[in-house]
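Worksheet: the structure to be examined is printed underneath.
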Amino acid sequence: MNPQASKKLRREQRQPFNEVCGILLLCSVFMLAAVLLTVLVQAGFTLLISGIRNDGMDMDNILRTITTSLQENGVGYLLYAVACLVVILVWKGKAFYKTAFHSYRPMGFSVFFQLLCVFFSLQMAGSLISGYLEGILNLWGLSTYSFLEEVTGGSKTVSMFLYVSVFAPIVEELLFRGAILRTFQPYGKRFAIVFSALLFGLFHMNLVQTPFAFFLGLILGYVAVEYSLTWSIVFHFINNCIMAELLSDYTNLQSVLMFLFVIAALIILTIHGNDLKAYHRSLNPMPKEAIRSFWTAPVTILFLLVCLASCLCCITVL
């Protein structure tokens, strides 16, 4: 094959990955723009009211208003969710929304419970990895928790609760387990599940959430591929609405539930270990050319650099 034809072939092989990561960068820009817009509007409105009242606001109060808006104002995130749905529509067309919720097989309660246990156990594994990363950073006098603890936890407003509990599970599943996973599916289920989960983890753009988001993405990807996108939304909803929101003020109860889920998952994996191995063997190996094309695609590299920069920005001095 001549060099020109070879270059064209490599460009064609990288095209799906450039496309996917380009969409993720676009969604990131929309999120940033929507959030900053609502924060500036709220801060400007607060300053206007302060001027009318003639009570004055120093720089500390202005910064406090902006920080509070970032924590509590979910309107920007809701606008981003709508924009993301539009992006998917333009990208994949109307046919995507008509077929996205196709059911491959029914899910009984027993399977649902078993998957739920494994789902939360993998989240625990991701949290442990995040803890180890935090410990390593602490050795150097750095932290990522101190920055993120201000913007994580239970929502303080209805708008933020709606986004985290309802809109985020729907939009993120449509994007990652719907559009992106389907784009990757021609390379096999294994590739589609693993690499859609990897991008899902990276999209959170911080060292705390990335590991457990990746592990969650593995289960959500399996559920979407083997059952339906509807079920992956249900699992995502349970995680965000119940565990992250409704139980956010009951940390002891959260810990007990997570411990019970881990014990149950160990029992389930012991009983169904052979079934898991059989499923693993049934999947085609990930194509080496697809893996190489993913990591060398220019827009993938750009997306990874943006994620790395965002992670570094979340690191603060203790």
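Going by the structure tokens order, chains are called A, B, ..., each with residues numbered from 1, while ligands are numbered from 1 in the order shown.
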Within 9 Å of A:Arg292 using only C-alpha atoms, minus same-chain residues under 5 positions, as a PyMOL selection string: chain A and resi 14+287+297
Near A:Phe259, counting only C-alpha atoms, which residues have an atom at most 12 Å away, once you skip same-chain residues fewer than 3 positions from it, shown as an mmCIF file with N, CA and C atoms, in the first residue's frame?
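To be explicit, this is the file written out as around-v1.cif:
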data_model
loop_
_atom_site.group_PDB
_atom_site.id
_atom_site.type_symbol
_atom_site.label_atom_id
_atom_site.label_comp_id
_atom_site.auth_asym_id
_atom_site.auth_seq_id
_atom_site.Cartn_x
_atom_site.Cartn_y
_atom_site.Cartn_z
ATOM 1 N N CYS A 117 -26.167 -5.128 43.206
ATOM 2 C CA CYS A 117 -25.121 -5.397 44.191
ATOM 3 C C CYS A 117 -23.734 -5.228 43.579
ATOM 4 N N VAL A 118 -23.541 -5.795 42.393
ATOM 5 C CA VAL A 118 -22.248 -5.669 41.714
ATOM 6 C C VAL A 118 -21.995 -4.218 41.329
ATOM 7 N N PHE A 120 -22.950 -1.409 42.845
ATOM 8 C CA PHE A 120 -22.473 -0.604 43.969
ATOM 9 C C PHE A 120 -21.130 -1.098 44.501
ATOM 10 N N SER A 121 -20.847 -2.372 44.337
ATOM 11 C CA SER A 121 -19.547 -2.895 44.761
ATOM 12 C C SER A 121 -18.429 -2.326 43.903
ATOM 13 N N LEU A 122 -18.675 -2.226 42.588
ATOM 14 C CA LEU A 122 -17.679 -1.630 41.711
ATOM 15 C C LEU A 122 -17.514 -0.143 42.005
ATOM 16 N N GLN A 123 -18.597 0.507 42.406
ATOM 17 C CA GLN A 123 -18.490 1.907 42.810
ATOM 18 C C GLN A 123 -17.595 2.030 44.042
ATOM 19 N N MET A 124 -17.731 1.083 44.968
ATOM 20 C CA MET A 124 -16.879 1.075 46.152
ATOM 21 C C MET A 124 -15.417 0.904 45.745
ATOM 22 N N ALA A 125 -15.164 0.008 44.772
ATOM 23 C CA ALA A 125 -13.795 -0.194 44.292
ATOM 24 C C ALA A 125 -13.235 1.094 43.702
ATOM 25 N N ASN A 252 -23.830 7.216 57.615
ATOM 26 C CA ASN A 252 -23.703 5.907 58.279
ATOM 27 C C ASN A 252 -24.561 4.855 57.576
ATOM 28 N N LEU A 253 -25.789 5.249 57.219
ATOM 29 C CA LEU A 253 -26.670 4.336 56.504
ATOM 30 C C LEU A 253 -26.083 4.009 55.137
ATOM 31 N N GLN A 254 -25.517 5.002 54.461
ATOM 32 C CA GLN A 254 -24.866 4.759 53.177
ATOM 33 C C GLN A 254 -23.752 3.723 53.325
ATOM 34 N N SER A 255 -22.937 3.886 54.365
ATOM 35 C CA SER A 255 -21.815 2.973 54.575
ATOM 36 C C SER A 255 -22.297 1.552 54.829
ATOM 37 N N VAL A 256 -23.341 1.430 55.639
ATOM 38 C CA VAL A 256 -23.886 0.101 55.943
ATOM 39 C C VAL A 256 -24.432 -0.554 54.678
ATOM 40 N N VAL A 262 -21.534 -5.022 49.036
ATOM 41 C CA VAL A 262 -20.254 -5.671 48.736
ATOM 42 C C VAL A 262 -20.286 -7.146 49.143
ATOM 43 N N ILE A 263 -20.802 -7.427 50.333
ATOM 44 C CA ILE A 263 -20.907 -8.820 50.789
ATOM 45 C C ILE A 263 -21.791 -9.623 49.845
ATOM 46 N N ALA A 264 -22.934 -9.047 49.479
ATOM 47 C CA ALA A 264 -23.852 -9.731 48.563
ATOM 48 C C ALA A 264 -23.193 -9.957 47.203
ATOM 49 N N ALA A 265 -22.438 -8.963 46.731
ATOM 50 C CA ALA A 265 -21.774 -9.091 45.431
ATOM 51 C C ALA A 265 -20.727 -10.207 45.450
ATOM 52 N N LEU A 266 -19.992 -10.328 46.543
ATOM 53 C CA LEU A 266 -18.992 -11.392 46.661
ATOM 54 C C LEU A 266 -19.655 -12.763 46.608
#
Alpha helix (DSSP H) per DSSP on the backbone: members of stretch 89-314 of chain A, as a ChimeraX atom specification: /A:89-92,94-99,109-139,145-148,158-162,168-172,181-184,189-203,209-226,229-237,251-271,273-282,288-296,298-313
I want to know what sits within 7 Å of stretch 217-229 of chain A, based on only C-alpha atoms, with residues of the same chain fewer than 2 positions away left out; could you give that as a list in words? Ala100, Phe101, His102, Ser103, Tyr104, Arg105, Pro106, Met107, Phe119, Arg177, Gly178, Ile193, Val194, Ala197, Phe200, Ala213, Phe214, Phe215, Trp231, Ser232 and Ile233 of chain A
Determine, counting only C-alpha atoms, which protein, DNA and RNA residues have an atom within 9 Å of an atom of stretch 283-285 of chain A; residues of the same chain fewer than 5 positions away are not included. Present the result as number ranges by chain. A: 187-191, 278
Shell of 10 Å around A:Trp91, only C-alpha atoms, local chain residues under 6 positions omitted, as a list in words: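 Counting only C-alpha atoms, the residues come to Glu19, Val20, Ile23, Leu85 and Ala179 of chain A.
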Suppose we keep all heavy atoms; can you now write the selection as a short mmCIF file (atom, residue, chain, number, x, y, z; two decimals), in the first residue's frame?
data_model
loop_
_atom_site.label_atom_id
_atom_site.label_comp_id
_atom_site.auth_asym_id
_atom_site.auth_seq_id
_atom_site.Cartn_x
_atom_site.Cartn_y
_atom_site.Cartn_z
N GLU A 19 -14.73 11.73 16.00
CA GLU A 19 -16.11 12.20 16.05
C GLU A 19 -16.66 12.14 17.48
O GLU A 19 -17.25 13.13 17.97
CB GLU A 19 -16.97 11.32 15.13
CG GLU A 19 -18.38 11.79 14.94
CD GLU A 19 -19.12 10.90 13.95
OE1 GLU A 19 -19.70 9.89 14.40
OE2 GLU A 19 -19.11 11.20 12.75
N VAL A 20 -16.47 11.01 18.14
CA VAL A 20 -16.99 10.83 19.50
C VAL A 20 -16.34 11.83 20.46
O VAL A 20 -17.04 12.50 21.24
CB VAL A 20 -16.75 9.39 19.98
CG1 VAL A 20 -16.91 9.29 21.50
CG2 VAL A 20 -17.71 8.44 19.29
N ILE A 23 -17.55 15.33 19.95
CA ILE A 23 -18.87 15.53 20.56
C ILE A 23 -18.72 15.78 22.06
O ILE A 23 -19.39 16.67 22.63
CB ILE A 23 -19.78 14.32 20.30
CG1 ILE A 23 -20.16 14.23 18.83
CG2 ILE A 23 -21.04 14.38 21.18
CD1 ILE A 23 -21.02 15.36 18.32
N LEU A 85 -29.02 16.95 24.54
CA LEU A 85 -30.03 16.17 23.82
C LEU A 85 -30.13 16.63 22.37
O LEU A 85 -30.30 15.81 21.46
CB LEU A 85 -31.39 16.30 24.51
CG LEU A 85 -31.52 15.65 25.89
CD1 LEU A 85 -32.87 15.97 26.51
CD2 LEU A 85 -31.33 14.14 25.80
N ALA A 179 -25.55 6.74 22.26
CA ALA A 179 -24.86 7.17 21.05
C ALA A 179 -23.42 6.66 20.96
O ALA A 179 -23.00 6.12 19.94
CB ALA A 179 -24.89 8.70 20.98
#
Find the spatial neighbours of A:Val306, counting only C-alpha atoms, within a cut-off of 12 Å - ignore same-chain residues fewer than 5 positions away - and output them as a short mmCIF file (atom, residue, chain, number, x, y, z; two decimals) with N, CA and C atoms, in the first residue's frame.
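Saved file selection-v4.cif follows:
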data_model
loop_
_atom_site.label_atom_id
_atom_site.label_comp_id
_atom_site.auth_asym_id
_atom_site.auth_seq_id
_atom_site.Cartn_x
_atom_site.Cartn_y
_atom_site.Cartn_z
N CYS A 21 -15.03 11.93 20.43
CA CYS A 21 -14.35 12.84 21.36
C CYS A 21 -14.63 14.29 21.02
N GLY A 22 -14.87 14.58 19.75
CA GLY A 22 -15.28 15.93 19.37
C GLY A 22 -16.63 16.29 19.96
N LEU A 24 -17.86 15.02 22.72
CA LEU A 24 -17.65 15.19 24.16
C LEU A 24 -17.04 16.56 24.48
N LEU A 25 -16.12 17.00 23.65
CA LEU A 25 -15.55 18.33 23.85
C LEU A 25 -16.62 19.41 23.65
N LEU A 26 -17.47 19.21 22.64
CA LEU A 26 -18.55 20.17 22.40
C LEU A 26 -19.50 20.21 23.59
N SER A 28 -18.77 19.49 26.64
CA SER A 28 -18.05 20.13 27.74
C SER A 28 -18.12 21.64 27.62
N VAL A 29 -17.96 22.14 26.40
CA VAL A 29 -18.04 23.59 26.16
C VAL A 29 -19.44 24.10 26.48
N LEU A 202 -13.60 9.67 32.22
CA LEU A 202 -12.78 10.84 31.91
C LEU A 202 -13.62 12.11 31.80
N PHE A 203 -14.87 11.97 31.33
CA PHE A 203 -15.73 13.13 31.13
C PHE A 203 -16.03 13.85 32.44
N HIS A 204 -15.90 13.17 33.57
CA HIS A 204 -16.11 13.82 34.86
C HIS A 204 -14.96 14.76 35.21
N MET A 205 -13.82 14.54 34.59
CA MET A 205 -12.69 15.48 34.61
C MET A 205 -12.18 15.83 36.00
N ASN A 206 -12.19 14.87 36.91
CA ASN A 206 -11.52 15.05 38.20
C ASN A 206 -11.12 13.69 38.75
N VAL A 299 -8.29 14.09 17.92
CA VAL A 299 -9.28 14.68 18.82
C VAL A 299 -9.34 13.91 20.14
N THR A 300 -9.07 12.60 20.09
CA THR A 300 -8.96 11.84 21.34
C THR A 300 -7.83 12.38 22.20
N ILE A 301 -6.70 12.63 21.58
CA ILE A 301 -5.54 13.17 22.31
C ILE A 301 -5.88 14.54 22.90
N CYS A 311 -8.24 17.85 35.64
CA CYS A 311 -7.86 17.13 36.86
C CYS A 311 -6.82 17.90 37.65
N LEU A 312 -5.85 18.47 36.95
CA LEU A 312 -4.80 19.24 37.62
C LEU A 312 -5.36 20.49 38.28
N CYS A 313 -6.36 21.10 37.63
CA CYS A 313 -6.99 22.30 38.19
C CYS A 313 -7.75 21.99 39.49
#
Restricting the calculation to only C-alpha atoms: of A:Ile271, A:Leu162, A:Val82, A:Ala192, which residue gets closest to A:Met286?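 Ranking A:Ile271, A:Leu162, A:Val82, A:Ala192 by distance to A:Met286, first place goes to A:Ala192.
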Shortest contact to A:Leu257, candidates A:Met243, A:Lys94, A:Glu134, A:His280, atoms counted only C-alpha atoms, goes to A:Met243
